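Down below is the structure, laid out as structure tokens.
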Amino acid sequence: MCECCVQNNKDIYLPAPATITKRRMLNGTELYLHLESDSGKEMEYTPGQFVEVSLGGIGEAPISISSSPTQKGLELVIRNVGTLTRAIHKLQVGDKLGVRGPYGSTYPVEQAKGKDLVFICGGIGLVPQRSFIRYVLDHRSEYGKVTVLIGTKCYDMRLFREEIAMWQERKDMTVMETIDEAHDCWDGNVGVVTTLIPKIESDLPKSLVMVCGPPVMYKFVLMALAEVDVPQDSIYVNLERRMKCGVGKCGHCQINQHYVCQDGPVFRFSDLANVPEAI
Amino acid sequence: MSVNTISKDRFKQFVEALIQSDQRVVGVQARGDRFVFDDLKAADALRLDYDVTILSPRKYVLPPKEPLLKFDGRASYESLQESEPMVLLGVHPYDMAAINQMDLLFSQDEYDNHYMCRRKKMTIIACDVATPSENVFAASMGTATVDSGYDMLLTDIGDAYVVEAATDNGKALMNLMPDARPASEADIEKRQAVWKKNEHDLNKHMLECKPSFLPKLLEKNYDHPVWEEKARLCYSCGSCNQVCPTCYCFDVQDEVNWDLKTGVRYRAWDGCLLQDFATVAGDHNFRKDRAARFRHRLYRKGKYVPGKIGGQIACVGCGRCITACTAKIANPVDVYNQLMERTDIG
Amino acid sequence: MSKNININVHHITRVEGHGNIVVNITDGTIETCQWQVPEAPRFFEAMVRGRRYDDIQTIVSRICGICSISHSLVATRAVEDALKLEVSEQTDLVRHLMHYSEQLQSHVLHVGYLVAPDLFGEKSVVPLIPKATDAVKTIIKAHRVANQMSALLCGRITHPVTLTPGGMTRVPTEDELRSLKKELEAIVPDLVTICNVVLSAAEALPDFTRETEYVSLKQNQPQYKGTLQEYTFYHGDITSTDLNGKPPVPAAKWESVANEYVHPQSTAKWTKWHRDAYAAGALARFNNNAELLSPLGKKVAEMFGLKKGCCNPYFNSIAQLAECAHVVEGSLEVIDELLTRGLKPEKVKVALRAGRGHAGIEAPRGILFHSYEFDKNGECVWGNCCIPTNQNHANIQLDFEKLVPQFMDEGQDALRQKMEMLVRAYDPCISCSTHYLDIEFVK
Amino acid sequence: MSKPRVAIFDFACCEGCQLQIVNLEEEIIDLVGAVDVVEWREAMSEQSHEYDIAIVEGSITRPEDEHRLQIIRSRAKILIALGACATIGGVNKMKNNFDLNEVKRCVYGKDAEMPHLATTTTRALHEVVDVDFKIHGCPINGEEFKQVVRDLLLGKKPVIPTYPVCVECKAKENVCRYEYDEICLGPIIRAGCGAPCPSAGWRCFGCRGLVDNPNVDAAKEVMEKYNLTVDDLKQKMVLFNSK
Ligand SMILES: Cc1cc2nc3c(=O)[nH]c(=O)nc-3n(C[C@H](O)[C@H](O)[C@H](O)COP(=O)(O)OP(=O)(O)OC[C@H]3O[C@@H](n4cnc5c(N)ncnc54)[C@H](O)[C@@H]3O)c2cc1C
Ligand code: SF4
Ligand code: SF4
Ligand code: SF4
């Protein structure tokens, strides 16, 4: 590398090696990974952020951080949808991959203190939300009521089942789960996640609501929240776009004037009022 | 800053000396009936009277395909940086303005040392326009002249060039011009006249508002019929992106060697007009319609990028996209003026 | 030794296209001995109808990937003949160079990759790589230079895009020619190396001759000074070893030379002139033009004892080697000529007229003819092509008929090997003809 | 992991795409090192019925070809169509614009009815069997071929451009043919070739086939801007993009 690069001492595109220390399939398509950085240095991040995960020769993809900075290592959940994700699914404990980041905006960890929090998660949307939920649970006294709504398409796709069961045991949070399609082994709520909104006990207009899920989910959830008078500046959405660089250069993740990798992925909904491409 | 004058003959000797020096020299040359930036092998080939080059000097600042790093297996990476000292000779003011914008974009927030490193090794000799091209509208965009970014600025005043050395690099180059004399009052006046003329002449398409009004104009016209009207003929060929000096979107890909282990990760020009620019896994395309992509480019030029670089409009009026567009729909002025027609400027 | 032989090579390998060899010998009696061509017919002559004059070379180039340049060139010249277009000397010279690149590429490929494995008793060039790494690399290098030369002159390696009736769409720059010249000069010693390697295994070439008519182009009026006027691939009239002093036939009259007919053994048409069959190709060119080879070309022929009048078809590969040397020396000459003249871009002007045109050219594997007719709008109304490989089919059959009795005592495998080698020696390009080789020893 | 077994086959075509594999020159040694080439008639004498990847060149023009292709398909895990004849039918499809009997008569005259000259409507491979990947072009681009093979060996989905030739043509700094009021198919044809034809002063004649979503509706108006007609465009499209 040339002199002036050495001087600046940082290549924003350069991944650092990390090792897989735990691995398990959460369901048929979603793989959970626990990583530790080879340098031994913990990554400093805030819930809501993501990393770029690399396999030399295959490529790179943005992946949300699912762990909380209060714990050791990095947890990711990866859905098998394409080339890179398929290759990651083949990795085993002890295998290495490249990681760079963290990137992007964060959940309002500080502003949320003292407030009631509602998390609305659709499918894999639980993954980034979990980072904040765990953070809140690790700083439980600093936050108000915590309500988590989880909607999954079908019974078999549910993520983090044991952890959710543990959450449900807790007295200091409310967790409601629903699946879209009825299933023999399921005696809980059936229906889309919006059907759970009326059951929320917090004072919704005064709560902060965090929403993350597949693109189709936002419209309906946001409509439902408007109906119960949640102000737009109390709603945070977590968006996803195509992304190449993760650092605000390549242009792919742009939503109107916003770069998902810098201004997002977590947006305050009120900031998206004039952003027609967002939802 | 020092301002000198050098005769055209002597200037040729300077170019010859430059070519003999140990840095790469790139200058404007004729290719067929058009002009391009290319490695300069002889002073005679340099054409500072050119109108516009087919591609902008972006191809040197941000090469079409550039290695970022090499990998050895899944997790071992090493930065690659291939830049070399280079002199870029004959950059027009609008292109200079574009480079200045890109410098800002690649250095702010996350510092891109692949780009910046190359820029630092680059000496830019700008030159004022001597022949306006058929579609230039730099005057409308405030880029008919430029006052920063270059190391040296040349202005053709007939039988001589006025040479302004603006940086240490530029001043060092003056050493290769022993015959240059401090510019006379008259020469400076002649240069002023060229600037004045260009600020008037480089305007084959007249923008009917101040460029600074564009963000506001666009703000109100997201659903304007012009997007659909124009994009109806769009081939999604990205020609407008390719030739534009201010477009800088890129794609990143890995190329692996036959050992299936080592290889290079590189970035390559991409274009927001291309159909799959915003397509993600599962074939979901966030900007599926031609019109949406067409609109995105003109919003980027007139509103989004300006939002990142202190309001500078990211169209410098070179007119290349107007020429390059096969469907003849890419003219930014044409679109912006149509928005003006139906917008209350209030 | 068994007197029963069944050979059934279904799609002979290491040839371009599909061909079959079928031999059936029972109790010493030859019952079947056939050369079959089952390649899927592709109907180019029908498909060109309705196309404009300047699309013809693009279409017919696809007759054959290996000799696409020859097809494009001959088509372009036939169109020029029909439209009465003259081309400049510069165009002519550049096209010569282009054509040479194909001869070199094709011959090196044929001798190096397809024939050499036979000489060294291997099934392909792959096992030769570890055994004779340097030799293989030398062959690859010569092949690469030939391909670079094509890419430069044709716009891409295969299926040229710089040819247009009336001229060229792009000519190389002088810089490009100068660096090509360096590359070509550098492979001269490599060619000698390749020849020595082949020479070391030349005794593997079967001792077999059969009196044959050899047909090729011959140039009577020199076009330019030097090699170009002589051992011709590009200009000239049709000559034959059977002409016996009669004047050569102009290319426009090729149909009276080829006398094409459909044979049930073949999807490709067969041809005959003075006898039941004739041979085209490097050996034919050599037998008609040997004294005009370049100095190195002559030297190569001498190395192998190849002399004018040779009737051993296996020596076609040796004639190709001599031509490789000739073509490299010829190219250097043309480059010098072009550099002396200086290269200028030219504008092509075409005035449409109705008419029929013909042209003949030497493709790497032999003489090749195209004819087209256009209406006054420049649309093609008729086309006819006659491909070298087709002109060799009947001759291969006749060679087989002499070869099988001569060698049948050596046993099935040796006979089969000789027959495959014979077909390969002709360097058939069956996809041209349509496609070529499967040998069947019928059970 | 054992090396994948690769077999190369051809149907009606000029074999120019196989030639591009040979034209990889030195790298062909790397190729045969990375895979086990078990059958390749044009280059070697070995043959095999067992292979993982079948690379198939050429169009289907006869009933017996269809059958042979089906057998290849049933044996191969991955089937790659190599080159325009295989991916889009190539020039062979021009035949489909005529009456087939008339085509035969035109070439073979009175012998046209001989059984071994039978021919059917030309089809690309995917019109007969499932095709996993297409390597476009007439001929294919060697660089792209290498990349596709290596990607497949890595288990990666090859990146084949979905954008038109103009992208690469512009990057080569060519003056657009349309600026001289000449026709060019670049705007609707899939890139990946590096635009050699416009770079050599010729038009793109469409050998890589149409992009997925060509803007055909624009043709008429755009052609008029250059004093050209849609018929001019169609004349050129016939070469490689006949039905
Ligand atoms: C901020 C952010 C966070 C994400 N977090 C997660 C997560 O926690 N878990 C998870 O499984 N997935 C997550 N994704 C989506 C994930 O990045 C894509 O599924 C992944 O890029 C697909 O890559 P692939 O090579 O397997 O798919 P392919 O379809 O083979 O990829 C095709 C190309 O499209 C691009 N691409 C495709 N989909 C996306 C996408 N959604 N976003 C960006 N680029 C894309 C890739 O760059 C790739 O080059 C996240 C995306 C974003 C933007
Ligand atoms: S948008 Fe067009 S006119 Fe403006 S800078 Fe880009 S290419 Fe030039
Ligand atoms: S010449 Fe053809 S490929 Fe090139 S830009 Fe013009 S239309 Fe596109
Ligand atoms: S430019 Fe067009 S015709 Fe030429 S190789 Fe590319 S796709 Fe084929």
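If you're wondering about the labels, chains in the structure tokens are A, B, ... by order shown, residues count from 1 in each chain, ligands from 1 in order shown.
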Compute the chain B side of the contact with chain D at 6 Å, counting only C-alpha atoms, and hand it back as a ChimeraX atom specification.
/B:233,235,237,239,327
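Running DSSP on the backbone gives strand (DSSP E) for these residues within stretch 272-333 of chain B: Thr279, Val280, His284 and Asn285 of chain B.
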Please check the contacts: residues of chain B at most 7 Å away from chain A, using only C-alpha atoms, listed as a PDB file with C-alpha atoms, in the first residue's frame.
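The file below, result.pdb, is the result:
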ATOM      1  CA  PHE B  71      -8.059 -11.673  -0.715  1.00  0.00           C
ATOM      2  CA  ASP B  72      -6.560 -15.026   0.050  1.00  0.00           C
ATOM      3  CA  GLY B  73      -9.320 -17.315   1.174  1.00  0.00           C
ATOM      4  CA  ARG B  74     -12.407 -16.209   3.008  1.00  0.00           C
ATOM      5  CA  ALA B  75     -10.984 -13.954   5.652  1.00  0.00           C
ATOM      6  CA  SER B  76      -7.571 -12.675   4.688  1.00  0.00           C
ATOM      7  CA  TYR B  77      -7.618  -9.280   2.994  1.00  0.00           C
ATOM      8  CA  SER B  79      -5.632  -3.235   0.581  1.00  0.00           C
ATOM      9  CA  LEU B  80      -4.634  -2.570  -3.001  1.00  0.00           C
ATOM     10  CA  GLN B  81      -3.691   0.864  -4.161  1.00  0.00           C
ATOM     11  CA  GLU B 110     -15.865   8.030   5.602  1.00  0.00           C
ATOM     12  CA  ASP B 112     -12.005   6.884   0.856  1.00  0.00           C
ATOM     13  CA  ASN B 113      -8.254   6.543   0.610  1.00  0.00           C
ATOM     14  CA  CYS B 117      -4.643   8.727  -2.577  1.00  0.00           C
ATOM     15  CA  CYS B 249     -22.013   5.257  -8.137  1.00  0.00           C
ATOM     16  CA  PHE B 250     -20.217   1.957  -8.225  1.00  0.00           C
ATOM     17  CA  ASP B 251     -20.658  -1.756  -7.967  1.00  0.00           C
ATOM     18  CA  VAL B 252     -18.320  -4.070  -6.051  1.00  0.00           C
ATOM     19  CA  GLN B 253     -17.460  -7.573  -7.230  1.00  0.00           C
ATOM     20  CA  ASP B 254     -14.954 -10.294  -6.370  1.00  0.00           C
ATOM     21  CA  GLU B 255     -12.890 -11.897  -9.108  1.00  0.00           C
ATOM     22  CA  VAL B 256     -11.265 -15.125  -8.120  1.00  0.00           C
ATOM     23  CA  LYS B 261      -8.910 -18.966  -3.309  1.00  0.00           C
ATOM     24  CA  GLY B 263      -8.351 -12.903  -6.110  1.00  0.00           C
ATOM     25  CA  PHE B 277     -29.420  -0.817  -9.805  1.00  0.00           C
ATOM     26  CA  ALA B 278     -31.732  -1.148  -6.802  1.00  0.00           C
ATOM     27  CA  THR B 279     -32.647  -4.820  -7.101  1.00  0.00           C
ATOM     28  CA  VAL B 280     -32.037  -6.971  -4.041  1.00  0.00           C
ATOM     29  CA  ALA B 281     -32.109 -10.703  -3.416  1.00  0.00           C
ATOM     30  CA  GLY B 282     -35.412 -12.275  -4.320  1.00  0.00           C
ATOM     31  CA  TYR B 304     -29.758  14.942  -3.281  1.00  0.00           C
TER      32      TYR B 304
END
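Residues of chain D lying within 8 Å of chain A, counting only C-alpha atoms, are Leu154, Gly155, Lys156 and Lys157 of chain D.
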Using only C-alpha atoms, please write the residues we just selected to a file, as an mmCIF file, in the first residue's frame.
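As a result, again_17.cif now contains:
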data_model
loop_
_atom_site.group_PDB
_atom_site.id
_atom_site.type_symbol
_atom_site.label_atom_id
_atom_site.label_comp_id
_atom_site.auth_asym_id
_atom_site.auth_seq_id
_atom_site.Cartn_x
_atom_site.Cartn_y
_atom_site.Cartn_z
ATOM 1 C CA LEU D 154 -17.005 -21.590 -6.078
ATOM 2 C CA GLY D 155 -20.726 -22.201 -5.797
ATOM 3 C CA LYS D 156 -21.435 -18.625 -6.758
ATOM 4 C CA LYS D 157 -24.167 -17.489 -9.087
#
Which neighbours of C:Glu122 fall inside 12 Å, counting only C-alpha atoms, when residues of the same chain fewer than 2 positions from it are skipped, and could you give them as a PyMOL selection string?
(chain C and resi 14+113-120+124-129+131-132+417) or (chain D and resi 43-46)
May I have the selected residues written with N, CA, C and O atoms, as a PDB file, in the first residue's frame?
ATOM      1  N   ARG C  14     -11.398 -34.590 -32.125  1.00  0.00           N
ATOM      2  CA  ARG C  14     -10.330 -33.668 -32.507  1.00  0.00           C
ATOM      3  C   ARG C  14     -10.430 -33.215 -33.963  1.00  0.00           C
ATOM      4  O   ARG C  14      -9.459 -33.130 -34.688  1.00  0.00           O
ATOM      5  N   TYR C 113      -2.536 -28.854 -31.682  1.00  0.00           N
ATOM      6  CA  TYR C 113      -3.496 -29.365 -30.706  1.00  0.00           C
ATOM      7  C   TYR C 113      -4.197 -30.623 -31.205  1.00  0.00           C
ATOM      8  O   TYR C 113      -4.639 -31.439 -30.424  1.00  0.00           O
ATOM      9  N   LEU C 114      -4.369 -30.746 -32.527  1.00  0.00           N
ATOM     10  CA  LEU C 114      -5.200 -31.837 -33.018  1.00  0.00           C
ATOM     11  C   LEU C 114      -4.383 -32.978 -33.620  1.00  0.00           C
ATOM     12  O   LEU C 114      -4.689 -34.140 -33.414  1.00  0.00           O
ATOM     13  N   VAL C 115      -3.297 -32.653 -34.345  1.00  0.00           N
ATOM     14  CA  VAL C 115      -2.508 -33.694 -34.999  1.00  0.00           C
ATOM     15  C   VAL C 115      -1.400 -34.214 -34.078  1.00  0.00           C
ATOM     16  O   VAL C 115      -1.175 -35.422 -33.980  1.00  0.00           O
ATOM     17  N   ALA C 116      -0.732 -33.298 -33.368  1.00  0.00           N
ATOM     18  CA  ALA C 116       0.408 -33.714 -32.533  1.00  0.00           C
ATOM     19  C   ALA C 116       0.061 -34.873 -31.594  1.00  0.00           C
ATOM     20  O   ALA C 116       0.864 -35.806 -31.456  1.00  0.00           O
ATOM     21  N   PRO C 117      -1.107 -34.869 -30.935  1.00  0.00           N
ATOM     22  CA  PRO C 117      -1.394 -36.012 -30.067  1.00  0.00           C
ATOM     23  C   PRO C 117      -1.307 -37.345 -30.809  1.00  0.00           C
ATOM     24  O   PRO C 117      -0.829 -38.331 -30.232  1.00  0.00           O
ATOM     25  N   ASP C 118      -1.734 -37.389 -32.070  1.00  0.00           N
ATOM     26  CA  ASP C 118      -1.610 -38.627 -32.844  1.00  0.00           C
ATOM     27  C   ASP C 118      -0.143 -39.020 -32.997  1.00  0.00           C
ATOM     28  O   ASP C 118       0.230 -40.178 -32.819  1.00  0.00           O
ATOM     29  N   LEU C 119       0.688 -38.057 -33.343  1.00  0.00           N
ATOM     30  CA  LEU C 119       2.095 -38.358 -33.594  1.00  0.00           C
ATOM     31  C   LEU C 119       2.767 -38.876 -32.340  1.00  0.00           C
ATOM     32  O   LEU C 119       3.672 -39.701 -32.392  1.00  0.00           O
ATOM     33  N   PHE C 120       2.338 -38.381 -31.182  1.00  0.00           N
ATOM     34  CA  PHE C 120       2.966 -38.804 -29.936  1.00  0.00           C
ATOM     35  C   PHE C 120       2.156 -39.880 -29.223  1.00  0.00           C
ATOM     36  O   PHE C 120       2.407 -40.191 -28.069  1.00  0.00           O
ATOM     37  N   SER C 124      -5.123 -36.645 -26.556  1.00  0.00           N
ATOM     38  CA  SER C 124      -5.362 -35.212 -26.721  1.00  0.00           C
ATOM     39  C   SER C 124      -4.110 -34.473 -26.294  1.00  0.00           C
ATOM     40  O   SER C 124      -3.133 -35.090 -25.853  1.00  0.00           O
ATOM     41  N   VAL C 125      -4.184 -33.159 -26.387  1.00  0.00           N
ATOM     42  CA  VAL C 125      -3.006 -32.368 -26.037  1.00  0.00           C
ATOM     43  C   VAL C 125      -2.824 -32.338 -24.520  1.00  0.00           C
ATOM     44  O   VAL C 125      -1.728 -32.101 -24.022  1.00  0.00           O
ATOM     45  N   VAL C 126      -3.884 -32.647 -23.771  1.00  0.00           N
ATOM     46  CA  VAL C 126      -3.806 -32.538 -22.308  1.00  0.00           C
ATOM     47  C   VAL C 126      -2.689 -33.416 -21.708  1.00  0.00           C
ATOM     48  O   VAL C 126      -1.854 -32.909 -20.965  1.00  0.00           O
ATOM     49  N   PRO C 127      -2.628 -34.721 -22.060  1.00  0.00           N
ATOM     50  CA  PRO C 127      -1.536 -35.508 -21.493  1.00  0.00           C
ATOM     51  C   PRO C 127      -0.155 -35.072 -21.979  1.00  0.00           C
ATOM     52  O   PRO C 127       0.862 -35.414 -21.359  1.00  0.00           O
ATOM     53  N   LEU C 128      -0.119 -34.319 -23.080  1.00  0.00           N
ATOM     54  CA  LEU C 128       1.181 -33.829 -23.563  1.00  0.00           C
ATOM     55  C   LEU C 128       1.715 -32.710 -22.679  1.00  0.00           C
ATOM     56  O   LEU C 128       2.909 -32.446 -22.653  1.00  0.00           O
ATOM     57  N   ILE C 129       0.803 -32.060 -21.954  1.00  0.00           N
ATOM     58  CA  ILE C 129       1.223 -30.886 -21.175  1.00  0.00           C
ATOM     59  C   ILE C 129       2.325 -31.251 -20.184  1.00  0.00           C
ATOM     60  O   ILE C 129       3.403 -30.642 -20.213  1.00  0.00           O
ATOM     61  N   LYS C 131       4.221 -33.920 -20.215  1.00  0.00           N
ATOM     62  CA  LYS C 131       5.327 -34.610 -20.882  1.00  0.00           C
ATOM     63  C   LYS C 131       6.207 -33.657 -21.669  1.00  0.00           C
ATOM     64  O   LYS C 131       7.409 -33.859 -21.782  1.00  0.00           O
ATOM     65  N   ALA C 132       5.571 -32.692 -22.309  1.00  0.00           N
ATOM     66  CA  ALA C 132       6.338 -31.795 -23.165  1.00  0.00           C
ATOM     67  C   ALA C 132       5.870 -30.363 -22.907  1.00  0.00           C
ATOM     68  O   ALA C 132       5.415 -29.660 -23.795  1.00  0.00           O
ATOM     69  N   GLN C 417      -6.774 -46.172 -36.271  1.00  0.00           N
ATOM     70  CA  GLN C 417      -5.908 -45.042 -35.970  1.00  0.00           C
ATOM     71  C   GLN C 417      -5.482 -44.335 -37.256  1.00  0.00           C
ATOM     72  O   GLN C 417      -5.524 -43.107 -37.360  1.00  0.00           O
TER      73      GLN C 417
ATOM     74  N   ALA D  43     -11.529 -31.387 -29.017  1.00  0.00           N
ATOM     75  CA  ALA D  43     -10.136 -31.299 -28.584  1.00  0.00           C
ATOM     76  C   ALA D  43      -9.539 -32.607 -28.113  1.00  0.00           C
ATOM     77  O   ALA D  43      -8.336 -32.735 -28.014  1.00  0.00           O
ATOM     78  N   MET D  44     -10.356 -33.595 -27.776  1.00  0.00           N
ATOM     79  CA  MET D  44      -9.765 -34.813 -27.236  1.00  0.00           C
ATOM     80  C   MET D  44     -10.587 -36.042 -27.598  1.00  0.00           C
ATOM     81  O   MET D  44     -11.757 -35.936 -27.959  1.00  0.00           O
ATOM     82  N   SER D  45      -9.975 -37.222 -27.475  1.00  0.00           N
ATOM     83  CA  SER D  45     -10.630 -38.439 -27.935  1.00  0.00           C
ATOM     84  C   SER D  45     -11.417 -39.149 -26.847  1.00  0.00           C
ATOM     85  O   SER D  45     -12.243 -39.997 -27.131  1.00  0.00           O
ATOM     86  N   GLU D  46     -11.150 -38.833 -25.571  1.00  0.00           N
ATOM     87  CA  GLU D  46     -11.874 -39.506 -24.502  1.00  0.00           C
ATOM     88  C   GLU D  46     -13.361 -39.167 -24.561  1.00  0.00           C
ATOM     89  O   GLU D  46     -13.753 -38.085 -24.980  1.00  0.00           O
TER      90      GLU D  46
END
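When atom CA of A:Lys22 is paired with atom CA of A:Val127, their separation reads 16.5 Å.
For the residues B:Gln101, B:Thr131, B:Ser21, B:Ser83, ranking by smallest atom-to-atom distance to B:His114 using only C-alpha atoms places B:Ser83 first.
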Specify as JSON, numbers by chain all residues of chain B found within 12 Å of chain C, counting only C-alpha atoms.
{"B": [31, 32, 33, 41]}
Just the selected residues (all heavy atoms), exported as a PDB file, in the first residue's frame, please.
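Listing of again-v3.pdb after writing:
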ATOM      1  N   ARG B  31      -9.752  11.974 -31.401  1.00  0.00           N
ATOM      2  CA  ARG B  31      -9.979  10.590 -31.826  1.00  0.00           C
ATOM      3  C   ARG B  31     -11.116  10.643 -32.841  1.00  0.00           C
ATOM      4  O   ARG B  31     -12.249  10.950 -32.487  1.00  0.00           O
ATOM      5  CB  ARG B  31     -10.343   9.695 -30.653  1.00  0.00           C
ATOM      6  CG  ARG B  31     -10.572   8.250 -31.149  1.00  0.00           C
ATOM      7  CD  ARG B  31     -11.135   7.323 -30.119  1.00  0.00           C
ATOM      8  NE  ARG B  31     -10.192   7.030 -29.048  1.00  0.00           N
ATOM      9  CZ  ARG B  31     -10.543   6.337 -27.960  1.00  0.00           C
ATOM     10  NH1 ARG B  31     -11.776   5.903 -27.826  1.00  0.00           N
ATOM     11  NH2 ARG B  31      -9.661   6.119 -27.018  1.00  0.00           N
ATOM     12  N   GLY B  32     -10.787  10.331 -34.084  1.00  0.00           N
ATOM     13  CA  GLY B  32     -11.773  10.530 -35.141  1.00  0.00           C
ATOM     14  C   GLY B  32     -12.155  11.996 -35.170  1.00  0.00           C
ATOM     15  O   GLY B  32     -11.288  12.877 -35.120  1.00  0.00           O
ATOM     16  N   ASP B  33     -13.447  12.265 -35.184  1.00  0.00           N
ATOM     17  CA  ASP B  33     -13.862  13.660 -35.199  1.00  0.00           C
ATOM     18  C   ASP B  33     -14.238  14.150 -33.798  1.00  0.00           C
ATOM     19  O   ASP B  33     -14.929  15.143 -33.649  1.00  0.00           O
ATOM     20  CB  ASP B  33     -15.009  13.886 -36.200  1.00  0.00           C
ATOM     21  CG  ASP B  33     -16.138  12.883 -36.010  1.00  0.00           C
ATOM     22  OD1 ASP B  33     -16.081  12.089 -35.043  1.00  0.00           O
ATOM     23  OD2 ASP B  33     -17.067  12.894 -36.830  1.00  0.00           O
ATOM     24  N   LYS B  41       1.668  11.140 -25.869  1.00  0.00           N
ATOM     25  CA  LYS B  41       2.993  10.646 -26.267  1.00  0.00           C
ATOM     26  C   LYS B  41       3.826  11.743 -26.937  1.00  0.00           C
ATOM     27  O   LYS B  41       5.042  11.659 -26.981  1.00  0.00           O
ATOM     28  CB  LYS B  41       2.843   9.461 -27.230  1.00  0.00           C
ATOM     29  CG  LYS B  41       2.091   8.292 -26.595  1.00  0.00           C
ATOM     30  CD  LYS B  41       2.718   6.950 -26.979  1.00  0.00           C
ATOM     31  CE  LYS B  41       2.044   5.779 -26.298  1.00  0.00           C
ATOM     32  NZ  LYS B  41       0.727   5.426 -26.860  1.00  0.00           N
TER      33      LYS B  41
END
Contacts of C:Arg170 at 6 Å (only C-alpha atoms; same-chain gap of 2+ positions) as a list in words
Thr162 and Met168 of chain C; Ala200 and Gly201 of chain D
Save the residues we just selected, C-alpha atoms, as a JSON list (two decimals), in the first residue's frame?
[["chain", "number", "residue", "atom", "x", "y", "z"],
["C", 162, "THR", "CA", -14.06, -4.66, -39.27],
["C", 168, "MET", "CA", -12.72, -1.55, -43.55],
["D", 200, "ALA", "CA", -14.38, -1.47, -34.30],
["D", 201, "GLY", "CA", -16.62, 0.97, -36.11]]
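Of all the residues in stretch 97-136 of chain C, the ones DSSP labels as alpha helix (DSSP H) from the backbone are C:Leu97, C:Met98, C:His99, C:Tyr100, C:Ser101, C:Glu102, C:Gln103, C:Leu104, C:Gln105, C:Ser106, C:His107, C:Val108, C:Ala116, C:Pro117, C:Asp118, C:Leu119, C:Leu128, C:Ile129, C:Pro130, C:Lys131, C:Thr133, C:Asp134, C:Ala135, C:Val136.
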Between chain C and ligand 4, at 12 Å or less, what are the per-residue closest atom pairs and their distances in Å? Count only C-alpha atoms and all ligand atoms, order by chain and rising residue number, and return it as a Markdown table.
| residue | atom | partner | partner_atom_place_in_ligand_line | distance |
| --- | --- | --- | --- | --- |
| C:Asp55 | CA | ligand 4 | 3 (S) | 11.8 |
| C:Thr58 | CA | ligand 4 | 3 (S) | 9.4 |
| C:Ile59 | CA | ligand 4 | 3 (S) | 11.4 |
| C:Cys154 | CA | ligand 4 | 4 (Fe) | 11.9 |
| C:Gly155 | CA | ligand 4 | 4 (Fe) | 9.4 |
| C:Arg156 | CA | ligand 4 | 5 (S) | 8.5 |
| C:Ile157 | CA | ligand 4 | 5 (S) | 10.9 |
| C:Thr158 | CA | ligand 4 | 5 (S) | 10.3 |
| C:His159 | CA | ligand 4 | 5 (S) | 9.4 |
| C:Pro160 | CA | ligand 4 | 4 (Fe) | 9.8 |
| C:Val161 | CA | ligand 4 | 4 (Fe) | 7.9 |
| C:Thr162 | CA | ligand 4 | 4 (Fe) | 11.1 |
Stretch 14-20 of chain D environment, 10 Å, only C-alpha atoms, sequence neighbours closer than 3 positions dropped, as an NGL selection string
(:C and (16-17 or 42 or 61-68 or 109 or 157-159 or 429-435)) or (:D and (8-11 or 23-25 or 40 or 42-43 or 55-58 or 82-85 or 135-143 or 145))
Could you list, as a PyMOL selection string, all residues that come within 9 Å of ligand 2? Count only C-alpha atoms and all ligand atoms.
chain B and resi 56+94-95+98+135-138+141+240-247+297-298+301+314-324+330-333
